[in-house]
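Here is the structure we will look at, set down as structure tokens.
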Amino acid sequence: MVRARGLAVLIVATFAAFACGGSGGGSTNKGTIDIGSDLPTSGADASSGLPTQYGAAFAVSQAGSVKGFTLKFVPYDDAVNGKHDPTKGAQNVQQMISDTKLLGMVGPFNSGVAAAEIPVANQAPLAMISPSNTNECLTLAFDYCQKYAGYTAASLRPTGKNNYFRVAANDTFQGPAMADYAADTLGLKTVAVWDDQEPFGLGVANNFAKEFTKKGGTVVARQGFDTSTKPDFHAWLNRAKAAGAQAIYAGATSASYGCIPRQESQGIFDPNSYYLGPDGIGDGQCIKDSGTTMGNDHMYATQGVADANANASAAATIAAYKKAHPSPDDTAAYTFAGYDCAAILIDAIGRAIDANGGNMPTRQQVIDQMAKTSNFPGLTGTYTLNAAGDPTTPALQVQQYKAGAWTTVKNIAVTV
Amino acid sequence: MVQRLRASVITTPTASLINMVGIAVVVVAVVAAAQRIHQQGATYFFQTMGFGLAEGAIFALVALGYTMVYGIIELINFAHGDVFTLGAFFSLALMPTLGLTEGKISGAALILPLLGLFIVTMLFCALVNVVIERVAYRPLRRAPRLAPLITAIGMSALLEGVMNVWRGPFNLHYPDFLPEYQIPLGGDVTISAKAVTVIVVAVVLMVALTLFVNRSKLGKAMRATAQDRDAAQLMGIDINRTISATFFIGAALAGAGGIIYGLYYNSVQAFDGFQYGLYAFTAAVFGGIGNIPGAALGGMLIGIIFAISDGYFSVAWTQVLIFAILIFVLVFRPTGLLGMRVPEK
């Protein structure tokens with residue numbers, strides 16, 4: 001029934017398009033195109049998911065319409081009991097697919113959710129663009145993918161064609177970026193590494209360890225924690241300290257207790273020891289969890305996108321966003337990446353409409369245009385997407401928590 | 001009953017084979033542990049034990065509630081772990097009223113408000129648990145055993161849900177009031193004042209409970225009811241009142257456990273209690289379910305095993321080890337470490 005009604009809408013929309021003759025340009029209303037989003041917007045993940053959704057929604061509302069089609073933003077939440085949930089994400093994508101006006105989606109936020117969603121969207125097919133997925137196995141083929149991540153880029157795409165894109169730098173960059181920073185800038189020699197046994201956390205921790213070792217450092221302790229329930233980190237932290245660790249690297253997110261060990265290392269590690277991690281710990285929840293007795297200004301996190309504030313041409317849009325969302329909690333590391341994802345998607349839909357003679361394009365046409373995205377001027381960078389779905393010149397930043405906020409201390413550009 | 005149980009374990013040929021294998025596994029595990037402990041030296045060992053004892057003290061406080069309730073009505077009260085979390089949540093909400101603000105209050109000024117926090121929270125949890133018993137368990141007392149067990153699981157989900165709605169599923173920061181310094185114990189060995197406070201409070205509460213159950217009239221009534229409910233009733237003991245008292249005391253300890261947990265770990269989440277309850281239940285079975293000193297011992301031992309496994313082997317093994325111990329105990333010593341008395345039911 002839903003499908004039939006959707007089809008009817010599509011036919012009406014097509015007739016409307018014909019009636020207008022496609023010559024009216026941008027001003028005539030040819031119907032509605034939905035832009036979906038799937039992000040964790042409730043519970044523990046909301047501190048990073050919700051600001052990202054606001055960013056995407058802001059891009060859609062700023063554009064308003066594309067080539068005569070009115071744009072509508074349709075957000076979904078993939079958190080169950082406050083944590084991102086792959087099954088819920090896949091269900092959301094199925095709902096989006098049943099909405100025939102929906103031509104693409106922004107999201108998901110977490111790599112583990114992406115692994116469940118890509119196969120579903122791939123068969124529709126539906127264009128996906130994620131602001132923050134960083135697991136390298138989502139787009140690239142490595143021999144360890146099946147073993148560590150449990151999937152490969154090919155196994156996620158049953159049709160053999162790509163429908164998935166992202167703007168974030170993958171973990172082959174994020175882990176090593178922090179390793180370089182730890183070895184070169186912070187001058188660390190020995191680090192203890194733990195991970196949360198999730199695809200993202202494990203991947204980024206392994207890549208950190210690999211690069212840190214390559215730089216001449218030593219990983220003196222390496223441990224995976226089952227974070228389905230809250231672990232007690234004391235004994236392991238003591239063990240890491242006894243093994244000579246100067247700092248801890250957490251391959252985890254705030255939702256998987258990423259910063260609880262910071263609090264628990266009180267009395268074991270020096271308050272001015274370093275605590276390092278990926279984008280997953282670079283949020284406000286992490287600071288709450290860390291408490292007040294360990295030096296918060298000794299915490300560093302990488303972010304898989306560049307700092308939008310460093311881009312002069314983004315200033316006006318950022319100011320407009322902050323006017324619409326004045327609370328500091330509404331702007332997080334991936335807010336403007338979310339904005340860019342929606343903007344790239346809208347741009348691709350616009351080109352797909354042109355390619356289809358001004359009519360409602362098919363989802364495949366949108367995917368085809370997404371893959372042709374070239375030198376798109378976003379807030380967080382200029383994006384060209386390659387055949388695998390990755391940005392060709394991803395950028396990262398290292399952030400330090402100081403004066404009450406995560407502050408960019410280093411921007412890193414990489415070339416694939 | 002005990003005699004018969006023992007006899008059945010030891011005499012059959014397959015059972016004796018299993019016994020031998022069991023002993024062999026325990027010996028190998030102990031030797032492996034001893035070797036690692038020797039390699040790492042004494043300082044590290046004592047530090048690890050400090051963490052284990054602190055964690056074990058909290059397990060023990062929760063385990064006591066399990067064991068008391070099981071002892072008296074043979075119900076595994078799954079909601080108990082969540083009453084424990086409720087203690088942490090309630091005390092967190094109560095703190096501003098008592099003037100307990102992180103960073104603004106320290107030292108001796110803390111003692112009175114903290115004492116008040118303990119008393120009010122323990123009373124609150126106790127009353128909640130008494131209501132739970134009255135509403136959810138008492139009507140089912142003569143029902144088949146599965147019915148109250150399912151109700152208990154339902155109660156657990158309900159409490160978790162309420163806390164989730166109340167404060168959200170976030171990890172909540174629990175203020176850090178306990179002293180930070182390390183107490184030297186000779187050599188390089190230190191133990192954090194925090195861990196010592198946790199252990200001392202838990203031990204005081206446990207000793208008080210044991211004295212109460214062994215010396216007081218109500219304690220005597222509880223023991224009598226546990227042994228034989230009908231005979232106790234014939235002797236003029238008010239069964240309902242005695243069972244309510246058991247739930248009251250068990251939950252008061254869980255409430256205290258919740259505060260100690262918060263003060264020690266400085267974070268609490270709505271769903272923490274379920275897993276903690278499972279460990280505490282394991283501790284209760286380990287020590288001998290229904291036996292109060294047994295639960296205390298079981299809790300401490302589980303905490304120590306936790307710390308040794310985390311500190312010397314791998315965290316990945318810890319859960320395997322804990323639940324393997326549960327199975328071991330059930331197979332080889334169904335009455336637990338101290339569970340000598342098994343009342344006929």
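Convention: chains lettered A, B, ... in structure tokens order; per-chain residue numbering from 1; ligands numbered from 1 as shown.
Shell of region 293-299 of chain A at 7 Å, with only C-alpha atoms counted and residues fewer than 2 places along the chain excluded, is Gln263, Gln266, Pro271, Asn272, Ser273, Tyr274, Tyr275, Leu276, Gly291, Ala301, Gln400, Tyr401 and Lys402 of chain A.
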Residue selection dump (C-alpha atoms) as a short mmCIF file (atom, residue, chain, number, x, y, z; two decimals), in the first residue's frame:
data_model
loop_
_atom_site.label_atom_id
_atom_site.label_comp_id
_atom_site.auth_asym_id
_atom_site.auth_seq_id
_atom_site.Cartn_x
_atom_site.Cartn_y
_atom_site.Cartn_z
CA GLN A 263 38.76 8.93 35.76
CA GLN A 266 43.43 8.63 39.18
CA PRO A 271 47.28 13.67 36.49
CA ASN A 272 49.38 15.19 33.72
CA SER A 273 49.81 11.96 31.78
CA TYR A 274 48.35 12.04 28.28
CA TYR A 275 45.08 10.42 27.28
CA LEU A 276 44.61 10.02 23.55
CA GLY A 291 36.00 13.90 36.13
CA ALA A 301 41.43 13.43 20.10
CA GLN A 400 43.17 19.24 22.55
CA TYR A 401 40.72 19.91 25.35
CA LYS A 402 41.60 23.30 26.71
#
Find the residues of chain A in contact range of chain B, meaning any atom within 10 Å when counting only C-alpha atoms, and list them as JSON, numbers by chain. {"A": [42, 43, 44, 45, 46, 47, 80, 81, 82, 83, 222, 223, 224, 225, 226, 228, 229, 230, 231, 232, 233, 234, 235, 236, 237, 238, 239, 240, 242, 243, 254, 255, 256, 257, 260, 261, 263, 264, 266, 267, 268, 285, 286, 287, 288, 289, 290, 291, 292, 293]}
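With distances restricted to only C-alpha atoms, B:Leu140 is the closest residue to Ala152 (chain B) from B:Ile72, B:Leu140, B:Ala284, B:Ile289.
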Determine which residues of region 242-338 of chain A receive a DSSP assignment of alpha helix (DSSP H), computed from the backbone, and state them as JSON, numbers by chain. {"A": [242, 260, 261, 262, 263, 264, 284, 285, 286, 287, 288, 289, 290, 315, 316, 317, 318, 319, 320, 321, 322, 323, 324, 335, 336, 337, 338]}
Contacts of region 320-328 of chain B at 10 Å or less, counting only C-alpha atoms, minus same-chain residues fewer than 6 places along, as a PyMOL selection string? chain B and resi 19+22+26+278-279+281-286+302-303+305-306+309+334+336
Once you have the residues from the selection above, write them out as a short mmCIF file (atom, residue, chain, number, x, y, z; two decimals), in the first residue's frame, restricted to C-alpha atoms.
data_model
loop_
_atom_site.label_atom_id
_atom_site.label_comp_id
_atom_site.auth_asym_id
_atom_site.auth_seq_id
_atom_site.Cartn_x
_atom_site.Cartn_y
_atom_site.Cartn_z
CA ASN B 19 36.03 -34.55 40.42
CA GLY B 22 38.00 -30.51 38.27
CA VAL B 26 41.97 -25.79 39.60
CA LEU B 278 24.78 -11.21 38.01
CA TYR B 279 28.25 -10.98 39.52
CA PHE B 281 24.54 -13.48 42.50
CA THR B 282 27.55 -15.53 41.43
CA ALA B 283 29.28 -14.35 44.58
CA ALA B 284 26.29 -15.43 46.68
CA VAL B 285 26.26 -18.89 45.10
CA PHE B 286 30.04 -19.11 45.43
CA ILE B 302 35.06 -12.71 43.04
CA GLY B 303 36.53 -9.20 43.29
CA ILE B 305 39.63 -13.09 40.95
CA PHE B 306 38.50 -10.18 38.77
CA SER B 309 42.52 -12.01 35.87
CA PRO B 334 26.39 -27.22 45.38
CA GLY B 336 28.98 -23.23 48.17
#
Check region 173-378 of chain A with DSSP on the backbone and list each residue it calls strand (DSSP E or B), as a PyMOL selection string. chain A and resi 190-195+218-224+247-251+266+269+274-277+299-303+376-377
Output C-alpha atoms of each residue in that selection to a file, as an mmCIF file, in the first residue's frame.
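As a result, out31.cif now contains:
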data_model
loop_
_atom_site.group_PDB
_atom_site.id
_atom_site.type_symbol
_atom_site.label_atom_id
_atom_site.label_comp_id
_atom_site.auth_asym_id
_atom_site.auth_seq_id
_atom_site.Cartn_x
_atom_site.Cartn_y
_atom_site.Cartn_z
ATOM 1 C CA THR A 190 55.545 4.058 25.544
ATOM 2 C CA VAL A 191 51.777 3.877 25.243
ATOM 3 C CA ALA A 192 49.149 1.414 26.466
ATOM 4 C CA VAL A 193 46.323 0.817 23.987
ATOM 5 C CA TRP A 194 42.823 -0.475 24.681
ATOM 6 C CA ASP A 195 39.794 -0.845 22.437
ATOM 7 C CA THR A 218 56.462 0.771 22.086
ATOM 8 C CA VAL A 219 52.935 -0.403 22.802
ATOM 9 C CA VAL A 220 53.551 -1.779 26.290
ATOM 10 C CA ALA A 221 50.036 -3.104 26.883
ATOM 11 C CA ARG A 222 47.242 -3.927 24.491
ATOM 12 C CA GLN A 223 43.765 -4.941 25.641
ATOM 13 C CA GLY A 224 40.234 -5.304 24.309
ATOM 14 C CA ALA A 247 50.025 7.502 28.123
ATOM 15 C CA ILE A 248 46.814 5.679 27.199
ATOM 16 C CA TYR A 249 45.265 5.448 23.749
ATOM 17 C CA ALA A 250 41.555 4.585 23.803
ATOM 18 C CA GLY A 251 40.155 2.949 20.659
ATOM 19 C CA GLN A 266 43.433 8.625 39.176
ATOM 20 C CA PHE A 269 48.733 7.545 36.471
ATOM 21 C CA TYR A 274 48.352 12.036 28.280
ATOM 22 C CA TYR A 275 45.079 10.417 27.284
ATOM 23 C CA LEU A 276 44.612 10.020 23.551
ATOM 24 C CA GLY A 277 41.816 8.788 21.361
ATOM 25 C CA MET A 299 43.506 14.869 26.548
ATOM 26 C CA TYR A 300 43.780 14.749 22.775
ATOM 27 C CA ALA A 301 41.432 13.432 20.103
ATOM 28 C CA THR A 302 41.626 13.260 16.322
ATOM 29 C CA GLN A 303 38.674 14.242 14.144
ATOM 30 C CA PHE A 376 32.743 20.508 -4.369
ATOM 31 C CA PRO A 377 33.385 23.522 -2.142
#
Pick from B:Gly339, B:Gly186, B:Gly116, B:Gly71, whichever lies nearest to Pro293 (chain B) using only C-alpha atoms: B:Gly339
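For the pair CA of Ala205 (chain A) and CA of Thr172 (chain A), the separation is 10.3 Å.
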If you count only C-alpha atoms, which residues fall within 8 Å of Asn162 (chain A), apart from same-chain ones fewer than 5 positions away, as number ranges by chain? A: 122, 157, 387-389
Can I get the selection written as a JSON list (two decimals), in the first residue's frame, with N, CA and C atoms?
[["chain", "number", "residue", "atom", "x", "y", "z"],
["A", 122, "ASN", "N", 22.25, -0.80, -0.69],
["A", 122, "ASN", "CA", 22.89, -1.18, -1.95],
["A", 122, "ASN", "C", 21.91, -1.85, -2.89],
["A", 157, "ARG", "N", 28.42, -4.96, -0.58],
["A", 157, "ARG", "CA", 27.75, -4.46, -1.79],
["A", 157, "ARG", "C", 27.31, -5.62, -2.66],
["A", 387, "ALA", "N", 35.93, 6.40, -6.87],
["A", 387, "ALA", "CA", 35.03, 5.29, -7.20],
["A", 387, "ALA", "C", 34.67, 4.45, -5.98],
["A", 388, "ALA", "N", 35.58, 4.37, -5.02],
["A", 388, "ALA", "CA", 35.30, 3.58, -3.82],
["A", 388, "ALA", "C", 34.33, 4.29, -2.89],
["A", 389, "GLY", "N", 34.18, 5.62, -3.07],
["A", 389, "GLY", "CA", 33.29, 6.39, -2.22],
["A", 389, "GLY", "C", 34.02, 7.30, -1.26]]
From the set A:Thr213, A:Thr100, A:Gln53, A:Thr159, which residue has the shortest atom-to-atom contact distance to Gln123 (chain A), counting only C-alpha atoms? A:Thr159
Close residues, Ala310 (chain A) itself excluded, 9 Å, only C-alpha atoms, min 3 positions apart in chain, as a ChimeraX atom specification: /A:306-307,314-315,380,411
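Going from CA of Asn129 (chain B) to CA of Leu178 (chain B) covers 28.0 Å.
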For Thr52 (chain A): contacts at 10 Å, only C-alpha atoms, fewer than 3 positions along chain excluded, given as a PDB file with C-alpha atoms, in the first residue's frame:
ATOM      1  CA  SER A  37      19.271  11.098   7.590  1.00  0.00           C
ATOM      2  CA  LEU A  39      22.097   9.301  13.035  1.00  0.00           C
ATOM      3  CA  PRO A  40      22.021   8.372  16.722  1.00  0.00           C
ATOM      4  CA  THR A  41      20.056  11.295  18.121  1.00  0.00           C
ATOM      5  CA  ALA A  46      23.216  12.076  20.944  1.00  0.00           C
ATOM      6  CA  SER A  47      25.999  14.411  22.082  1.00  0.00           C
ATOM      7  CA  SER A  48      27.641  13.868  18.683  1.00  0.00           C
ATOM      8  CA  GLY A  49      24.685  12.596  16.583  1.00  0.00           C
ATOM      9  CA  GLY A  55      24.087  20.494  10.401  1.00  0.00           C
ATOM     10  CA  ALA A  56      22.470  18.356   7.690  1.00  0.00           C
ATOM     11  CA  ALA A  57      19.023  19.834   8.378  1.00  0.00           C
ATOM     12  CA  PHE A  58      20.489  23.322   8.143  1.00  0.00           C
ATOM     13  CA  VAL A 106      23.019  11.441   5.154  1.00  0.00           C
ATOM     14  CA  GLY A 107      24.527   8.961   7.588  1.00  0.00           C
ATOM     15  CA  PHE A 109      27.293   8.109  12.184  1.00  0.00           C
ATOM     16  CA  PRO A 131      29.886  12.567   7.637  1.00  0.00           C
ATOM     17  CA  SER A 132      31.766  10.476  10.168  1.00  0.00           C
ATOM     18  CA  ASP A 330      24.555  22.052  19.129  1.00  0.00           C
ATOM     19  CA  THR A 331      27.922  22.351  17.415  1.00  0.00           C
ATOM     20  CA  ALA A 332      30.157  19.295  17.523  1.00  0.00           C
ATOM     21  CA  ALA A 333      33.046  17.941  15.485  1.00  0.00           C
ATOM     22  CA  TYR A 334      30.829  16.600  12.689  1.00  0.00           C
ATOM     23  CA  THR A 335      28.177  19.340  12.509  1.00  0.00           C
ATOM     24  CA  PHE A 336      29.656  20.936   9.401  1.00  0.00           C
ATOM     25  CA  ALA A 337      30.589  17.587   7.903  1.00  0.00           C
ATOM     26  CA  GLY A 338      26.869  16.768   8.210  1.00  0.00           C
ATOM     27  CA  TYR A 339      26.149  20.057   6.455  1.00  0.00           C
TER      28      TYR A 339
END
Could you check the closest approach to Ile346 (chain A) for each of A:Tyr54, A:Trp406, A:Phe73, A:Phe208 and tell me which residue wins, using only C-alpha atoms?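 Result for the nearest residue to Ile346 (chain A): A:Phe73.
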Smallest atom-to-atom distance to Gln369 (chain A): which of A:Ile281, A:Val167, A:Ala177, A:Leu103, using only C-alpha atoms? A:Leu103
